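Chemist: See work.txt below, with compact mmCIF, C-alpha atoms.
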```txt
# COMPACT_ATOMS: atom_id res chain seq x y z
CA MET F 56 8.32 105.06 127.24
CA PRO F 57 8.74 103.75 123.66
CA LYS F 58 11.82 104.30 121.56
CA MET F 59 12.08 107.38 119.33
CA LYS F 60 11.58 106.57 115.65
CA THR F 61 13.85 108.04 113.00
CA HIS F 62 11.93 109.86 110.26
CA SER F 63 12.82 107.72 107.25
CA GLY F 64 12.48 110.55 104.69
CA THR F 65 14.90 112.69 106.69
CA ALA F 66 17.33 109.80 107.10
CA LYS F 67 17.57 109.41 103.31
CA ARG F 68 18.39 113.09 102.76
CA PHE F 69 20.79 113.94 105.61
CA ARG F 70 23.79 112.30 107.28
CA VAL F 71 25.62 113.00 110.50
CA THR F 72 29.42 113.25 110.56
CA GLY F 73 31.60 111.87 113.32
CA SER F 74 31.89 115.32 114.88
CA GLY F 75 28.10 115.74 114.89
CA LYS F 76 27.58 118.03 111.89
CA ILE F 77 24.47 117.40 109.77
CA MET F 78 25.31 117.31 106.06
CA HIS F 79 23.04 117.50 103.03
CA ALA F 80 23.38 117.42 99.25
CA LYS F 81 23.07 120.63 97.25
CA ALA F 82 19.90 121.59 95.37
CA PHE F 83 19.44 122.46 91.66
CA LYS F 84 21.41 119.46 90.40
CA SER F 85 18.69 117.30 88.88
CA HIS F 86 17.95 118.72 85.40
CA ILE F 87 18.52 121.61 82.96
CA MET F 88 22.26 121.13 83.35
CA THR F 89 23.23 122.47 79.90
CA LYS F 90 22.99 126.13 80.88
CA LYS F 91 24.99 125.67 84.10
CA SER F 92 28.74 126.15 84.01
CA GLN F 93 31.12 123.25 84.53
CA LYS F 94 32.44 124.86 87.72
CA ARG F 95 28.92 125.19 89.12
CA LYS F 96 28.06 121.57 88.26
CA ARG F 97 31.31 120.36 89.84
CA ASN F 98 30.46 122.20 93.07
CA PHE F 99 27.08 120.44 93.25
CA ARG F 100 28.94 117.17 94.01
CA HIS F 101 30.01 118.29 97.48
CA GLU F 102 27.81 118.10 100.54
CA THR F 103 27.20 121.19 102.68
CA GLU F 104 26.68 121.62 106.39
CA LEU F 105 23.07 122.24 107.36
CA ALA F 106 22.14 125.81 108.33
CA HIS F 107 22.14 126.43 112.07
CA ALA F 108 18.45 127.46 112.03
CA ASP F 109 17.41 124.03 110.70
CA GLN F 110 19.65 121.83 112.86
CA LYS F 111 17.26 121.46 115.81
CA MET F 112 14.32 120.30 113.67
CA ILE F 113 16.34 117.93 111.45
CA GLY F 114 18.30 116.59 114.41
CA ARG F 115 15.09 115.72 116.19
CA ASN F 116 13.82 113.86 113.13
CA LEU F 117 17.10 111.91 112.97
CA GLY F 118 16.89 110.99 116.67
CA ILE F 119 19.87 113.12 117.76
CA ARG F 120 19.76 116.38 119.75
```
Before we go any further, please render this structure as structure tokens.

Modeler:
Amino acid sequence: MPKMKTHSGTAKRFRVTGSGKIMHAKAFKSHIMTKKSQKRKRNFRHETELAHADQKMIGRNLGIR
């Protein structure tokens, strides 16, 4: 049986931590930043853990799970 291929688009958008969590960047950060508060913009910098409902699908695309 051939090797599983990692979905390259998924690999660019998600990363897996050492403990196995799937992390992703936050949305709504790309433009129209003037009306967003400084606190809100600062919080966009941090990654978030992927929702449990999406982990199976994304994990399969990354070649884990």

Chemist: To one decimal in Å, tell me the separation between CA of Ala66 in chain F and CA of Leu117 in chain F.

Modeler: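 Between CA of Ala66 in chain F and CA of Leu117 in chain F the gap works out to 6.2 Å.
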
Chemist: Out of F:Lys67, F:His79, F:Lys84, F:Lys60, which residue has the shortest atom-to-atom distance to Asp109 in chain F when counting only C-alpha atoms?

Modeler: F:His79

Chemist: Please determine, counting only C-alpha atoms, which residue among F:Lys58, F:Thr89, F:Ala80, F:Thr65 has the shortest atom-to-atom distance to Leu105 in chain F.

Modeler: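 Looking at the shortest contact to Leu105 in chain F, the residue is F:Ala80.
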
Chemist: Rounded to one decimal place, report the CA of Gly118 in chain F-CA of Glu104 in chain F distance in Å.

Modeler: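 Interatomic distance, CA of Gly118 in chain F to CA of Glu104 in chain F: 17.7 Å.
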
Chemist: Could you tell me how far CA of Ile119 in chain F lies from CA of Ala106 in chain F, in Å and to one decimal?

Modeler: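 These atoms are spaced 16.0 Å apart.
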
Chemist: May I ask which of the residues F:Arg68, F:Lys76, F:Lys91, F:Lys81 is the closest one to Lys111 in chain F, counting only C-alpha atoms?

Modeler: F:Lys76
